[in-house]
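Asks: Pasting a structure below so you can have a look.
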Amino acid sequence: MWSTDGSSTTRSSGGCVYFAEDAIKHVRDEILTHVHDIEEVVSDARRSEACPYFVTRSAIQRTGQFLILPYNVVLHKPTRDSIGIDLNENCVVIFDEAHNVMDAIIDIHSAKMSYENMVTVLEATMTYHEKYAQRLRSKNLYYIRQLMTVLRHLIAFSAAEVGHPAMAAEAVSEFQFKAKIDNINVFKLLRFIDETKFAQKIQGFTDSRVETQGQLKAGRSDIYSVVAFLNCLTNSVGDGRVVCSRSKEEKERNRRVAHPGYRGLKF
């Protein structure tokens with residue numbers, strides 16, 4: 001953490017030593033004077049003991065003339081908002097290699113979740129619930145239990161798919177009905193996960209347990225794969241599809257929400 005007193009910025013205990021406001025502003029002003037590549041930004045930031053990520057974010061917010069960005073940053077509004085990019089009517093957006101844009105849109109608006117992701121997150125959430133049930137507010141307990149219910153139903157649905165074709169596409173509403181999660185308000189569940197930073201808490205909880213007890217921890221992608229999948233279920237489009245597939249080689253059952261413009265798309 002950092003505290004500011006007058007014109008100086010000082011460290012307080014418990015925070016990242018590179019999240020230094022004065023140092024970040026100093027390096028930001030340097031890289032805005034002439035063009036830097038990534039290595040030069042990192043080198044200048046390291047020399048000034050500043051975080052190159054926050055240096056770059058600050059620089060983006062200070063310049064409004066010309067930006068070169070990956071497709072996923074331009075096309076994904078939450079990402080644009082997080083770094084302060086506003087595509088208003090005065091902006092001109094030019095896509096290089098535009099034939100790749102459609103693939104980028106598919107990737108941005110799709111999510112893949114494996115059977116193993118669901119089982120791992122359910123086990124971690126159950127352990128978290130068991131440890132903290134007496135300390136949590138009733139509202140938080142309600143949504144944690146709701147998340148466990150959703151995961152149990154999705155896991156049961158996956159097990160029931162064993163005798164079905166290797167790949168099948170379902171409309172989102174039909175999938176929710178068959179998986180018996182159509183009575184769950186996914187919007188409220190996701191709001192709870194976002195507002196309480198529950199994904200980060202589960203990740204930190206499992207990380208701490210593996211350090212102290214040597215238990216197998218959830219992979220960093222497990223909880224975020226589940227959250228991304230649930231987010232896709234909230235898309236208000238009729239052409240969205242859930243593709244349920246089983247890989248013989250990996251012996252896993254995957255779910256993927258296809259971009260709504262790609263009815264019947266095979267993954």
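Letters A, B, ... mark the chains of the structure tokens in the order given; residue numbers begin at 1 per chain; ligand numbers begin at 1, in order shown.
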Can you list every residue in stretch 10-173 of chain A that DSSP puts in strand (DSSP E or B), as a list in words?

Replies: Thr10, Arg11, Ala111, Lys112, Met113, Ser114, Met167, Ala168, Ala169, Glu170 and Ala171 of chain A

Asks: Filtering to all heavy atoms, could you give me those residues as a PDB file, in the first residue's frame?

Replies:
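Saved to out_20.pdb:
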ATOM      1  N   THR A  10       4.841   7.690  -0.153  1.00  0.00           N
ATOM      2  CA  THR A  10       5.614   6.802   0.703  1.00  0.00           C
ATOM      3  C   THR A  10       4.965   5.445   0.785  1.00  0.00           C
ATOM      4  O   THR A  10       3.757   5.300   0.590  1.00  0.00           O
ATOM      5  CB  THR A  10       5.724   7.393   2.121  1.00  0.00           C
ATOM      6  OG1 THR A  10       4.409   7.610   2.636  1.00  0.00           O
ATOM      7  CG2 THR A  10       6.471   8.721   2.098  1.00  0.00           C
ATOM      8  N   ARG A  11       5.773   4.441   1.085  1.00  0.00           N
ATOM      9  CA  ARG A  11       5.277   3.080   1.211  1.00  0.00           C
ATOM     10  C   ARG A  11       4.622   2.878   2.562  1.00  0.00           C
ATOM     11  O   ARG A  11       5.040   3.433   3.565  1.00  0.00           O
ATOM     12  CB  ARG A  11       6.427   2.070   1.077  1.00  0.00           C
ATOM     13  CG  ARG A  11       6.979   1.920  -0.322  1.00  0.00           C
ATOM     14  CD  ARG A  11       7.963   0.753  -0.347  1.00  0.00           C
ATOM     15  NE  ARG A  11       8.504   0.552  -1.674  1.00  0.00           N
ATOM     16  CZ  ARG A  11       9.621   1.113  -2.115  1.00  0.00           C
ATOM     17  NH1 ARG A  11      10.298   1.917  -1.342  1.00  0.00           N
ATOM     18  NH2 ARG A  11      10.046   0.865  -3.335  1.00  0.00           N
ATOM     19  N   ALA A 111     -16.629 -19.676 -24.015  1.00  0.00           N
ATOM     20  CA  ALA A 111     -15.979 -20.157 -22.798  1.00  0.00           C
ATOM     21  C   ALA A 111     -15.956 -21.676 -22.824  1.00  0.00           C
ATOM     22  O   ALA A 111     -16.925 -22.307 -23.235  1.00  0.00           O
ATOM     23  CB  ALA A 111     -16.709 -19.659 -21.557  1.00  0.00           C
ATOM     24  N   LYS A 112     -14.864 -22.236 -22.395  1.00  0.00           N
ATOM     25  CA  LYS A 112     -14.706 -23.681 -22.361  1.00  0.00           C
ATOM     26  C   LYS A 112     -14.494 -24.134 -20.931  1.00  0.00           C
ATOM     27  O   LYS A 112     -13.676 -23.575 -20.214  1.00  0.00           O
ATOM     28  CB  LYS A 112     -13.512 -24.092 -23.228  1.00  0.00           C
ATOM     29  CG  LYS A 112     -13.336 -25.596 -23.360  1.00  0.00           C
ATOM     30  CD  LYS A 112     -12.182 -25.899 -24.310  1.00  0.00           C
ATOM     31  CE  LYS A 112     -11.988 -27.389 -24.498  1.00  0.00           C
ATOM     32  NZ  LYS A 112     -10.871 -27.688 -25.407  1.00  0.00           N
ATOM     33  N   MET A 113     -15.253 -25.138 -20.536  1.00  0.00           N
ATOM     34  CA  MET A 113     -15.167 -25.640 -19.167  1.00  0.00           C
ATOM     35  C   MET A 113     -15.166 -27.159 -19.191  1.00  0.00           C
ATOM     36  O   MET A 113     -16.048 -27.774 -19.778  1.00  0.00           O
ATOM     37  CB  MET A 113     -16.369 -25.127 -18.353  1.00  0.00           C
ATOM     38  CG  MET A 113     -16.382 -25.579 -16.910  1.00  0.00           C
ATOM     39  SD  MET A 113     -17.745 -24.829 -15.989  1.00  0.00           S
ATOM     40  CE  MET A 113     -19.165 -25.619 -16.764  1.00  0.00           C
ATOM     41  N   SER A 114     -14.196 -27.766 -18.544  1.00  0.00           N
ATOM     42  CA  SER A 114     -14.089 -29.215 -18.546  1.00  0.00           C
ATOM     43  C   SER A 114     -14.754 -29.829 -17.323  1.00  0.00           C
ATOM     44  O   SER A 114     -15.029 -29.145 -16.325  1.00  0.00           O
ATOM     45  CB  SER A 114     -12.611 -29.642 -18.588  1.00  0.00           C
ATOM     46  OG  SER A 114     -11.986 -29.374 -17.344  1.00  0.00           O
ATOM     47  N   MET A 167     -20.641 -35.420 -29.636  1.00  0.00           N
ATOM     48  CA  MET A 167     -20.794 -33.968 -29.644  1.00  0.00           C
ATOM     49  C   MET A 167     -22.244 -33.626 -29.914  1.00  0.00           C
ATOM     50  O   MET A 167     -22.872 -34.198 -30.796  1.00  0.00           O
ATOM     51  CB  MET A 167     -19.890 -33.324 -30.709  1.00  0.00           C
ATOM     52  CG  MET A 167     -19.991 -31.806 -30.769  1.00  0.00           C
ATOM     53  SD  MET A 167     -18.810 -31.090 -31.917  1.00  0.00           S
ATOM     54  CE  MET A 167     -17.275 -31.377 -31.050  1.00  0.00           C
ATOM     55  N   ALA A 168     -22.782 -32.712 -29.130  1.00  0.00           N
ATOM     56  CA  ALA A 168     -24.161 -32.289 -29.316  1.00  0.00           C
ATOM     57  C   ALA A 168     -24.287 -30.826 -28.968  1.00  0.00           C
ATOM     58  O   ALA A 168     -23.637 -30.344 -28.030  1.00  0.00           O
ATOM     59  CB  ALA A 168     -25.095 -33.117 -28.439  1.00  0.00           C
ATOM     60  N   ALA A 169     -25.103 -30.092 -29.750  1.00  0.00           N
ATOM     61  CA  ALA A 169     -25.297 -28.660 -29.518  1.00  0.00           C
ATOM     62  C   ALA A 169     -26.692 -28.424 -28.973  1.00  0.00           C
ATOM     63  O   ALA A 169     -27.674 -29.005 -29.446  1.00  0.00           O
ATOM     64  CB  ALA A 169     -25.097 -27.883 -30.819  1.00  0.00           C
ATOM     65  N   GLU A 170     -26.773 -27.579 -27.959  1.00  0.00           N
ATOM     66  CA  GLU A 170     -28.047 -27.257 -27.332  1.00  0.00           C
ATOM     67  C   GLU A 170     -28.218 -25.742 -27.309  1.00  0.00           C
ATOM     68  O   GLU A 170     -27.262 -25.002 -27.110  1.00  0.00           O
ATOM     69  CB  GLU A 170     -28.089 -27.769 -25.884  1.00  0.00           C
ATOM     70  CG  GLU A 170     -27.856 -29.249 -25.719  1.00  0.00           C
ATOM     71  CD  GLU A 170     -29.142 -30.061 -25.872  1.00  0.00           C
ATOM     72  OE1 GLU A 170     -30.187 -29.436 -26.169  1.00  0.00           O
ATOM     73  OE2 GLU A 170     -29.086 -31.275 -25.688  1.00  0.00           O
ATOM     74  N   ALA A 171     -29.455 -25.281 -27.492  1.00  0.00           N
ATOM     75  CA  ALA A 171     -29.751 -23.879 -27.230  1.00  0.00           C
ATOM     76  C   ALA A 171     -29.500 -23.624 -25.743  1.00  0.00           C
ATOM     77  O   ALA A 171     -29.647 -24.527 -24.918  1.00  0.00           O
ATOM     78  CB  ALA A 171     -31.193 -23.560 -27.597  1.00  0.00           C
TER      79      ALA A 171
END

Asks: Could you name the residues that touch stretch 191-194 of chain A at 9 Å or less, counting only C-alpha atoms, but leaving out those on the same chain fewer than 2 positions away, as number ranges by chain?

Replies: A: 140, 143-144, 186-189, 196-199, 227

Asks: Could those residues be written to a file, using N, CA and C atoms, as a PDB file, in the first residue's frame?

Replies:
ATOM      1  N   ASN A 140     -24.263 -14.382   1.879  1.00  0.00           N
ATOM      2  CA  ASN A 140     -23.101 -14.990   1.229  1.00  0.00           C
ATOM      3  C   ASN A 140     -23.202 -16.509   1.233  1.00  0.00           C
ATOM      4  N   TYR A 143     -25.531 -17.725  -1.602  1.00  0.00           N
ATOM      5  CA  TYR A 143     -24.989 -17.770  -2.960  1.00  0.00           C
ATOM      6  C   TYR A 143     -23.869 -18.808  -3.097  1.00  0.00           C
ATOM      7  N   ILE A 144     -23.105 -19.034  -2.047  1.00  0.00           N
ATOM      8  CA  ILE A 144     -22.085 -20.083  -2.097  1.00  0.00           C
ATOM      9  C   ILE A 144     -22.758 -21.446  -2.264  1.00  0.00           C
ATOM     10  N   VAL A 186     -28.717 -16.698 -12.630  1.00  0.00           N
ATOM     11  CA  VAL A 186     -27.277 -16.665 -12.868  1.00  0.00           C
ATOM     12  C   VAL A 186     -26.735 -15.243 -12.761  1.00  0.00           C
ATOM     13  N   PHE A 187     -27.562 -14.259 -13.116  1.00  0.00           N
ATOM     14  CA  PHE A 187     -27.122 -12.864 -13.035  1.00  0.00           C
ATOM     15  C   PHE A 187     -26.769 -12.496 -11.592  1.00  0.00           C
ATOM     16  N   LYS A 188     -27.644 -12.845 -10.655  1.00  0.00           N
ATOM     17  CA  LYS A 188     -27.393 -12.525  -9.250  1.00  0.00           C
ATOM     18  C   LYS A 188     -26.211 -13.313  -8.700  1.00  0.00           C
ATOM     19  N   LEU A 189     -26.084 -14.559  -9.136  1.00  0.00           N
ATOM     20  CA  LEU A 189     -24.961 -15.378  -8.689  1.00  0.00           C
ATOM     21  C   LEU A 189     -23.642 -14.781  -9.154  1.00  0.00           C
ATOM     22  N   THR A 196     -17.993  -9.795  -4.303  1.00  0.00           N
ATOM     23  CA  THR A 196     -17.250 -10.329  -3.148  1.00  0.00           C
ATOM     24  C   THR A 196     -15.871 -10.851  -3.537  1.00  0.00           C
ATOM     25  N   LYS A 197     -15.555 -10.784  -4.832  1.00  0.00           N
ATOM     26  CA  LYS A 197     -14.277 -11.320  -5.335  1.00  0.00           C
ATOM     27  C   LYS A 197     -14.113 -12.783  -4.912  1.00  0.00           C
ATOM     28  N   PHE A 198     -15.195 -13.535  -5.084  1.00  0.00           N
ATOM     29  CA  PHE A 198     -15.206 -14.912  -4.595  1.00  0.00           C
ATOM     30  C   PHE A 198     -14.216 -15.796  -5.346  1.00  0.00           C
ATOM     31  N   ALA A 199     -14.040 -15.541  -6.637  1.00  0.00           N
ATOM     32  CA  ALA A 199     -13.082 -16.348  -7.410  1.00  0.00           C
ATOM     33  C   ALA A 199     -11.678 -16.194  -6.842  1.00  0.00           C
ATOM     34  N   VAL A 227     -16.565 -19.413 -14.022  1.00  0.00           N
ATOM     35  CA  VAL A 227     -17.177 -18.083 -14.051  1.00  0.00           C
ATOM     36  C   VAL A 227     -17.404 -17.621 -15.492  1.00  0.00           C
TER      37      VAL A 227
END

Asks: As an MDAnalysis selection string, please: the residues near A:Ser48 (cut-off 12 Å, only C-alpha atoms, same-chain neighbours under 3 positions excluded).

Replies: chainID A and resid 17:28 30 41:45 51:52 55

Asks: Using only C-alpha atoms, which residues sit within 12 Å of stretch 64-76 of chain A once same-chain residues fewer than 2 positions away are excluded, as a ChimeraX atom specification?

Replies: /A:32,35,37,56-62,78-88,90-110

Asks: Figure out the distance between atom CA of A:Gln176 and atom CA of A:Leu122, please, to one decimal in Å.

Replies: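 Interatomic distance, atom CA of A:Leu122 to atom CA of A:Gln176: 18.4 Å.
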
Asks: For the alpha helix (DSSP H) assignment from backbone DSSP, which residues of stretch 25-257 of chain A qualify? Please present them as a ChimeraX atom specification.

Replies: /A:25-31,38-47,52-62,71-75,77-82,101-108,115-132,138-160,172-178,186-195,198-213,220-232

Asks: By how many Å are atom CA of A:Gln146 and atom CA of A:Thr234 apart?

Replies: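 Rounded to one decimal, the two atoms are 16.3 Å apart.
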
Asks: In Å, rounded to a single decimal, give me how far atom CA of A:Ser245 is from atom CA of A:Phe177.

Replies: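 A separation of 18.1 Å between them.
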